[in-house]
Amino acid sequence: MGLMTNIFQTDLIKGLSLTIRYFFSKPITMRYPEERWELPPNHRGAQILKKHPDGKERCVGCGLCPEICPSDAITLITSENEAGDKRVDFYEIDLGLCIYCGYCQEVCPVNAVFLGQDYELTVTDPGRLKVGRNEMLQKGDDPQYDNR
Amino acid sequence: MKILTRNINRPNPAHIDSYLVNEGYVALPRALNDMTPEEVIDEVRFSRLRGRGGAGFPAGMKWDFASRDTRKPKYIICNADEGEPGTFKDRVLIEKDPHAILEGMAIAGYAVGAEKGFIYIRGEYPEGARILERAIAQAESRSFLGKNILNSGFDFSVTVHRGAGAYICGEETALIESLEGKRGQSRIRPPFPVNVGYRNHPTVVNNVETLASVAPIILRGGAWYAGIGTVECPGTKLYSVSGHVVRPGVYELPMGVTLRELIFEHAGGMRDNRAFKAAFPGGASSSCLDESELDVRLDFNALAAAGSMLGSGAVMVLDDTTDMVKATHVLIKFFEHESCGKCTPCREGLFWIRRILDSILDGKGTEADLDLLLDICDGIQSTSFCGLGEASVNPVVSTIKKFRHEYMAHIGNRVTRRTDVEAAS
Amino acid sequence: MMVRLTIDDKQIMVDAHMNILEASKKLGIEIPTFCYQARLSELGACRMCVVEVEGMGKLQTACTLAVAEGMVVQTGNARIKKARRMMLEFLLINHPLECTVCDASGECTLQDFAFKYGSAETRFTGEKRVLRDQIISPLINRNLNRCIQCKRCVRVCDEIQGVTALGMSYRGADTIVGPFMDKSLDCEYCSHCIWSCPVGAITSRAMKYRARTWEMDKAEAICPFCSCGCTLHYNHKDNVVHRVTHTEGRGINQGSLCSKGYFGYDVINHPERITSPMVRNAEGVLRTVTWEAALTTVAGKMGQIKDDNGGSSIGGIVSDRLTNEDLYLFQKLMRSVYSTNNVDTPSGMWSRAVLPVLEDRLGVFAATNSTDELNYVDALLIVGCDVTVSHPITGLRVKHAIHRGGLVTEINPRRTALSRLAKRSLTVAVGKELALVKGMIAVIIEEGLYDSEAVKDYKKLSDLEFSVKEKDLNVIARNTDVSVDDIVQTAREFAGAGKAAIIFGETAALHSGGDLLINALIDLLMLTGKLGQEGFGLYPVIASTNFQGTVDMGIAPDRLPGHVEVSSATERKKFEKAWNAKVPKDTGMNALEMIQAAADGNLKALYLAGVNPLATFPGGKVVAEALKTVEFLVVQELFLTETASMADVVLPAGTLAEKNGTLTSMDRRIQRTQKAIDSVGLSRPDWRIFSDLGVMGGENGMKYVNAAEVLDEIAQTVPFYSGISQHILADNGLQWPFSREDAREKFHEGYLGTRHLLMDGVPLDKRIFSAVSGWDTHGADSQYPMTLVFEDLLFHSGSFTRYSESLNKLASEATLLMNPQTGIGLDVPDGSTVRTVSAQGEVSVAVSYSEDLALGVLFMPRHFANAPASALMVPGRNRDAETAVVRVKVVKV
């Protein structure tokens, strides 16, 4: 049996056939960064902030997302503005702490914060992991989030 | 039978001389000289006189409670805050026979041991207030009021206080609050004003008509009075008839007259010979009666049995040209405006009812709104603080019950004009 | 009388006066309510608490219905549930659903009940009513749309605070709550309305939108602003105190606070706080250094001065706002390390004026009774102070007594907020109070109203009688500008009252003849037998937060902790043994003497802990001179005050929010205060700085790990603090004296210690009337014809609150109050600036006319920078100082 196998190199043929089969099939890896994943719509990436159609921020500074955040990644500072309304002075999410659980999106009563599609979060300076309000608002302006 | 209105057709009826001609101020000296306070109270109790302000509480019993309270001083308050829409009976007495009221107050004061009386008159009766003040001055000058009345050793003075235009101040505890200079809102009961009233002292609050009935009772005896009218509700009653009748006005009739008799025999029948549609027998806050109920007797018990109430005896008659939804809307607007705002159901509930009626009249209503209305009404009725809230929803509940089709006509958005209502009904 | 009733099938016996709501609470059954609050009158307006009572057709409100024998109550059946759901639906018709931003969210009763009892959907579809909103005050925010008209704010303002600044206007659904004519709020900013609001209709603007209720942690502390000793909770988030709350029924204050307590917290995280130690360098500039360097500098320099010039050339003045632990360690540092008895506190001036009289006459050195007993007094005499301003919560007790029918008579150089409520207010010029009190005594003796049983064994009654009868009542009345009838009535009311007490304050005690007046007041109490029982007694009141603590902790040049005399060798020995160090035997210098000595160059080093003599000490010029001359000046402070900027070393200290410790209130209640936030910047708690300096000074006995250790030492060395610990003080405070065993065993049962002193009456050897002679304790001065009274302000206490932005919005500048009659000759219009000149100096300040003042009397707050009292107060004129009043003349500019 062993002799026959040795003579006809059947194992080699078996192996090669696999190689050949895969050689002609569709590759499953992709050539990042030229190629990108098609993300599911509910992908939980870095947060974005949405505005109202009139350009006003949706966020009212209610403080529920920092409260519910299990890893204390969200910092919010608010105060009273000249008109006597609530003003968000500072809003920041530390993506280094964020576990992308989506609670902030879930708890938001005014649909202001969403987990976005952005997953390329590697930075060289850890300080850059802290994403501020303006950056998140900018991301939210992306047309891909129009339906949110 | 003219007891309360016996003097109103005399020349210059408000003057003390006109009053004195017809046995005026005879009952007061009789009470002061020949009777003890207990006997006065007993006489009123025998007469079974029931309060004419709306609740129909026996006057003698009220006086008895107040007289048993040992704390001094005590007060008599005449409730002349006649604010119920459709009611104008007290005005007749105030303007035409003020001395009858004053004599009644003095007798009440003697009976319960009060030396001070107030007449809380509604702000919209400036002429009435002037007449009363003149009458008080006249009575004082003849020693029917003031210190040591008719040398009997009994002091009793009366002050007229004008209200500031709030319907709620017709409710006795709100009236007392207002008289004390506070916001006119009802107080918690118990304790009742007979024990804790004006400035937390025993206070008897009686309607104008009740007090005006006192002198004749003392003069002719309680038994005589008890023989008039029905057994449970003796005496005569002033009915203020308004609305679509030929001769609106105040009618003094023995208690227990039927609605049909009042409208068709006394008030001259329906205007323009139109058909009778409904009547509110006790002012804006009573449930309406329809034509099947024309033979209901207009007294406290019979009307209560019919699901309505006598109230102040303000009979508002509506003929077949009336849109009951609009009529209800008008009444609710009144109550919404007059709700004092103290308790939640009345303040917010009437606001809500009015908004629903608004939308029904705008043709935006749905049938579910009617159930919602009844639910709100039930909520208000079962939890409101005072009678205002409790009674204010009566027109809504009764009209939905009896004229649901008119609401449905609006809801169907088929009708907004009067002729259409007729067609629908 | 007790009655038995059934609530939800459970039987309970309760007092017949109780309402169903309270009875249910006892059974653990919650009945929701908006408008009911135990301290307020019943309203029955919200209709939320409806219950079904067997035999009563209509639903009944549990808050207004008293229990009755055999009553059967249902609190949660379907009918009630429906009614509650309906009521919430009604309330939510017009209530804006802005919980996301509303500051009350999380603590909102409407929110809670809507969750618990409400329906998830609304059937109301129309537009909500939107009411015009108007800012009614700089500190209190009103949002009418959120209001549910429960009237709690209106009632609390009227019934507890007695201010009636809020009322209801309009009718029905248009009802709004607000100030009269909806103008701006004119009130005491007591915060009761904020506290009582069940929704977010009335909120604090000081914290508006800064933090959500659930984000903040709470720490229980004692209010740092006066000696009432109120319990409050610092609410903090991210090491910043965002607000102060109080709990119904908790502490001396039972859930009340005043403007200072509620709004004054912003001093804690003030941006100008000193955050690191500073040492003056060779160029004469204050430079930031490490703690190590700063402490080394202090320890080294102090040691050197002590070695060169002796301990008596070192002096220390410590603030009366600090905790007992701070105070104890300060004097221990001074005495055992720096070998000096030059230890004092600014309120030492008060102690030296008042305590000797109290000790001499009664054998006590504190208020005789508890402040909460004032709630139930039948007659009260308030002499020379406005207790509603200096001690607002004690003032509430007085208001409560008035509410109950107590007869309060005020004898003061001006009418106060209390005058409107009090039975009578006698406006008497400074110095004339004595005549009035003697007049009262005369009436009491004349009419035989005195307590003959009590005065039986008193000596010198005839002397007293003789002394008060020198002058006819009519003459007294004319001299004091008070009617004879008022004097007679006050005397009769006081003598005839079941419970009667006397409060006196700084104006009464801190003027030249104040001791005579206090003696006369004690005579009055002795004569009428109003000592030694609940509701009786004498209350000396001074605003300084821990004034009693300074007395107890030996912050005095002649007293050691426990109020024992330094001159006593046995007492010294006791402390020497405990401290394992020598205690100097000579009496030291008091604060004013220290300042003088420093100015003269005799005092080389001065340690000021939390004291700002440049602003508050008498004799402004001398103080400036002293601070300049003194060789080494250490200032331990929160802010770089006038004084701190002259220091050689500045040490940053912590506020009460940043440390653990105990404070002793004016009625001897020792209470625990807890740390809320970590020290701001590099600052350190005061006790720790003292401890570190002690250790560096070579005294290992000064080493403490925490404040609790210091308290343990106090418990061992101060006899009447014996047995206490932070653990024991956790629930309630303890009023000294108490036995060690009681303190240890009964603390969890709510044991409060000794409620009032003199339980056995006045000590036998002190049963003597003083029969003071003289009628005018102030006299006249032709050169300075007017008397300026330094007043306490409702919105400020001491220079500390000057840093509170919130409080500065209410008052930030001194004005000179003057009766227009007094100012006639002056001929200046209201609001114009005048020069006020005393023998010491002068200030220029705007004049404001008020009819409330007695003739010839002026009022001015003492702590504002634009008119420092220091510039006018004359040091050492008669006794220590006239620190409450000063003779002045007013000159037109």
# chains A, B, ... in the order shown; residues from 1 in each chain; ligands from 1
>>> select_by_dssp(residues="region 189-422 of chain B", states="alpha helix (DSSP H)", output="VMD selection string")
chain B and resid 208 to 220 222 to 226 259 to 260 300 to 305 324 to 338 344 to 361 367 to 383 387 to 392 394 to 402 404 to 411 418 to 422
>>> write_last_selection(atoms="C-alpha atoms", output="CSV table (one decimal), in the first residue's frame")
chain,number,residue,atom,x,y,z
B,208,VAL,CA,-79.8,85.2,50.3
B,209,GLU,CA,-83.1,83.3,49.6
B,210,THR,CA,-82.7,81.2,52.7
B,211,LEU,CA,-82.2,84.2,54.9
B,212,ALA,CA,-85.1,86.0,53.3
B,213,SER,CA,-87.4,83.1,54.2
B,214,VAL,CA,-86.5,83.3,57.8
B,215,ALA,CA,-88.7,86.3,58.9
B,216,PRO,CA,-91.9,84.8,57.4
B,217,ILE,CA,-91.2,81.5,59.2
B,218,ILE,CA,-90.7,83.2,62.5
B,219,LEU,CA,-93.8,85.3,61.9
B,220,ARG,CA,-96.2,82.5,60.9
B,222,GLY,CA,-92.5,76.6,61.0
B,223,ALA,CA,-95.6,74.4,60.7
B,224,TRP,CA,-97.2,76.9,58.3
B,225,TYR,CA,-94.1,76.9,56.1
B,226,ALA,CA,-93.7,73.2,56.2
B,259,LEU,CA,-90.8,71.6,34.6
B,260,ARG,CA,-93.7,71.5,32.2
B,300,PHE,CA,-84.2,68.7,45.5
B,301,ASN,CA,-85.2,65.1,45.8
B,302,ALA,CA,-87.1,64.6,42.6
B,303,LEU,CA,-84.3,66.1,40.5
B,304,ALA,CA,-81.7,64.1,42.3
B,305,ALA,CA,-83.7,61.0,41.5
B,324,MET,CA,-76.1,70.8,22.3
B,325,VAL,CA,-72.4,70.3,21.6
B,326,LYS,CA,-71.9,74.1,21.2
B,327,ALA,CA,-74.0,74.7,24.3
B,328,THR,CA,-71.9,72.3,26.2
B,329,HIS,CA,-68.8,73.9,24.8
B,330,VAL,CA,-69.9,77.3,26.1
B,331,LEU,CA,-70.6,75.9,29.6
B,332,ILE,CA,-67.3,74.1,29.7
B,333,LYS,CA,-65.5,77.2,28.6
B,334,PHE,CA,-67.1,79.0,31.6
B,335,PHE,CA,-66.0,76.3,34.0
B,336,GLU,CA,-62.6,76.1,32.6
B,337,HIS,CA,-62.2,79.8,33.1
B,338,GLU,CA,-63.7,79.7,36.6
B,344,THR,CA,-55.4,68.8,39.6
B,345,PRO,CA,-58.5,67.2,38.0
B,346,CYS,CA,-60.5,70.3,37.8
B,347,ARG,CA,-57.7,72.6,36.6
B,348,GLU,CA,-56.2,70.2,34.0
B,349,GLY,CA,-59.3,68.1,33.3
B,350,LEU,CA,-61.5,71.0,32.2
B,351,PHE,CA,-58.7,72.3,30.1
B,352,TRP,CA,-58.5,69.0,28.4
B,353,ILE,CA,-62.3,68.6,28.0
B,354,ARG,CA,-62.4,72.0,26.4
B,355,ARG,CA,-59.7,71.1,24.0
B,356,ILE,CA,-61.5,68.0,23.0
B,357,LEU,CA,-64.7,69.9,22.4
B,358,ASP,CA,-62.8,72.4,20.4
B,359,SER,CA,-61.5,69.7,18.1
B,360,ILE,CA,-65.0,68.0,17.9
B,361,LEU,CA,-66.5,71.4,16.8
B,367,GLU,CA,-65.9,58.6,18.3
B,368,ALA,CA,-63.2,57.5,20.7
B,369,ASP,CA,-63.2,61.1,21.9
B,370,LEU,CA,-66.6,60.6,23.4
B,371,ASP,CA,-65.4,57.7,25.5
B,372,LEU,CA,-62.4,59.7,26.5
B,373,LEU,CA,-64.6,62.6,27.5
B,374,LEU,CA,-66.7,60.4,29.7
B,375,ASP,CA,-63.6,58.9,31.2
B,376,ILE,CA,-62.2,62.3,32.0
B,377,CYS,CA,-65.5,63.4,33.4
B,378,ASP,CA,-65.5,60.4,35.6
B,379,GLY,CA,-61.9,61.2,36.7
B,380,ILE,CA,-62.8,64.8,37.6
B,381,GLN,CA,-66.0,63.8,39.3
B,382,SER,CA,-64.5,61.2,41.5
B,383,THR,CA,-61.4,63.1,42.6
B,387,GLY,CA,-68.3,70.9,44.2
B,388,LEU,CA,-67.2,73.0,41.3
B,389,GLY,CA,-65.2,70.3,39.6
B,390,GLU,CA,-67.7,67.6,40.6
B,391,ALA,CA,-70.6,69.4,39.1
B,392,SER,CA,-68.9,71.1,36.1
B,394,ASN,CA,-72.6,67.3,34.4
B,395,PRO,CA,-73.5,69.0,31.2
B,396,VAL,CA,-70.9,67.0,29.3
B,397,VAL,CA,-71.9,63.7,30.7
B,398,SER,CA,-75.7,64.4,30.3
B,399,THR,CA,-75.5,65.7,26.8
B,400,ILE,CA,-73.3,62.8,25.7
B,401,LYS,CA,-75.8,60.5,27.2
B,402,LYS,CA,-78.9,62.1,25.9
B,404,ARG,CA,-74.9,61.5,21.5
B,405,HIS,CA,-76.2,61.7,18.0
B,406,GLU,CA,-75.4,65.4,17.9
B,407,TYR,CA,-71.8,64.7,18.9
B,408,MET,CA,-71.7,62.0,16.2
B,409,ALA,CA,-73.0,64.5,13.7
B,410,HIS,CA,-70.0,66.8,14.4
B,411,ILE,CA,-67.6,63.9,14.5
B,418,ARG,CA,-77.7,74.5,12.7
B,419,THR,CA,-80.0,73.3,9.9
B,420,ASP,CA,-77.8,70.3,9.4
B,421,VAL,CA,-78.2,69.4,13.1
B,422,GLU,CA,-81.9,69.5,12.6
>>> residues_around(residues="Asp72 (chain A)", least_positions_apart="2", cutoff="9 Å", atoms="only C-alpha atoms", output="ChimeraX atom specification")
/A:66-70,74-75,93-94,97-98
>>> closest_residue(among="B:Leu32, B:Ile131, B:Ala166, B:Ile176", to="chain C", atoms="only C-alpha atoms")
B:Ala166
>>> closest_residue(among="A:Leu95, A:Leu18, A:Met4, A:Val88", to="Glu120 (chain A)", atoms="only C-alpha atoms")
A:Leu95
>>> closest_atom_pairs(of="region 18-67 of chain A", to="region 126-137 of chain A", cutoff="12 Å", atoms="only C-alpha atoms", output="tab-separated table")
residue	atom	partner	partner_atom	distance
A:Gly45	CA	A:Met136	CA	12.0
A:Ala46	CA	A:Met136	CA	8.7
A:Gln47	CA	A:Met136	CA	6.6
A:Ile48	CA	A:Met136	CA	4.5
A:Leu49	CA	A:Leu137	CA	4.7
A:Lys50	CA	A:Leu137	CA	6.1
A:Lys51	CA	A:Leu137	CA	7.3
A:His52	CA	A:Leu137	CA	11.1
A:Gly55	CA	A:Leu137	CA	10.4
A:Lys56	CA	A:Leu137	CA	10.7
A:Glu57	CA	A:Leu137	CA	8.3
A:Arg58	CA	A:Leu137	CA	10.0
A:Cys59	CA	A:Arg133	CA	10.1
A:Gly61	CA	A:Arg133	CA	11.5
>>> residues_around(residues="Leu517 (chain C)", least_positions_apart="6", cutoff="8 Å", atoms="only C-alpha atoms", output="ChimeraX atom specification")
/C:433-434,508-509,777
>>> closest_atom_pairs(of="chain C", to="chain B", cutoff="8 Å", atoms="only C-alpha atoms", output="CSV")
residue,atom,partner,partner_atom,distance
C:Leu43,CA,B:Ile188,CA,7.3
C:Gly44,CA,B:Ile188,CA,7.2
C:Ala45,CA,B:Cys343,CA,4.2
C:Cys46,CA,B:Thr344,CA,5.3
C:Arg47,CA,B:Thr383,CA,6.4
C:Val50,CA,B:Thr383,CA,7.5
C:Lys58,CA,B:Ser382,CA,6.2
C:Leu59,CA,B:Thr383,CA,6.3
C:Gln60,CA,B:Thr383,CA,7.8
C:Thr64,CA,B:Ile188,CA,7.3
C:Ala83,CA,B:Gly379,CA,6.3
C:Met86,CA,B:Gly379,CA,6.3
C:Met87,CA,B:Pro345,CA,6.5
C:Phe90,CA,B:Glu348,CA,5.4
C:Leu91,CA,B:Glu348,CA,6.8
C:Ile93,CA,B:Glu348,CA,7.2
C:Asn94,CA,B:Glu348,CA,7.9
C:Phe124,CA,B:Trp352,CA,7.5
C:Gly126,CA,B:Arg355,CA,7.2
C:Gln149,CA,B:Lys342,CA,7.4
C:Arg171,CA,B:Cys340,CA,5.1
C:Gly172,CA,B:Gly341,CA,3.6
C:Ala173,CA,B:Arg347,CA,5.3
C:Asp174,CA,B:Gly341,CA,7.8
C:Thr175,CA,B:Gly341,CA,6.3
>>> interface_residues(of="chain C", to="chain A", cutoff="7 Å", atoms="only C-alpha atoms", output="tab-separated table (two decimals) with N, CA and C atoms, in the first residue's frame")
chain	number	residue	atom	x	y	z
C	100	THR	N	-34.95	65.22	29.72
C	100	THR	CA	-33.58	65.06	29.24
C	100	THR	C	-32.68	66.19	29.67
C	101	VAL	N	-33.24	67.38	29.83
C	101	VAL	CA	-32.38	68.48	30.25
C	101	VAL	C	-32.77	69.03	31.63
C	208	LYS	N	-27.50	75.30	37.55
C	208	LYS	CA	-28.35	74.98	36.41
C	208	LYS	C	-27.56	74.35	35.26
C	209	TYR	N	-27.99	73.19	34.87
C	209	TYR	CA	-27.44	72.45	33.74
C	209	TYR	C	-25.96	72.09	33.90
C	210	ARG	N	-25.47	72.06	35.13
C	210	ARG	CA	-24.06	71.75	35.30
C	210	ARG	C	-23.82	70.27	35.62
C	212	ARG	N	-26.04	66.33	36.40
C	212	ARG	CA	-27.30	65.63	36.57
C	212	ARG	C	-27.34	65.05	37.98
C	215	GLU	N	-25.45	61.83	38.78
C	215	GLU	CA	-24.00	61.78	38.61
C	215	GLU	C	-23.25	62.13	39.88
>>> select_by_dssp(residues="region 195-320 of chain B", states="strand (DSSP E)", output="count of residues only")
32
>>> residues_around(residues="Asn580 (chain C)", least_positions_apart="5", cutoff="9 Å", atoms="only C-alpha atoms", output="MDAnalysis selection string")
chainID C and resid 336 575 699 701
>>> write_last_selection(atoms="N, CA and C atoms", output="CSV table (one decimal), in the first residue's frame")
chain,number,residue,atom,x,y,z
C,336,SER,N,3.2,73.3,72.8
C,336,SER,CA,4.2,72.2,73.1
C,336,SER,C,5.4,72.4,72.2
C,575,PHE,N,-1.6,68.0,80.9
C,575,PHE,CA,-1.4,68.1,79.5
C,575,PHE,C,0.1,67.8,79.2
C,699,GLU,N,8.6,67.2,67.6
C,699,GLU,CA,7.6,66.7,68.5
C,699,GLU,C,6.9,65.5,67.9
C,701,GLY,N,5.0,63.4,69.2
C,701,GLY,CA,3.6,63.3,69.6
C,701,GLY,C,2.6,64.0,68.7
>>> closest_residue(among="C:Val267, C:Met440, C:Ile595, C:Ala38", to="Ser196 (chain C)", atoms="only C-alpha atoms")
C:Ala38
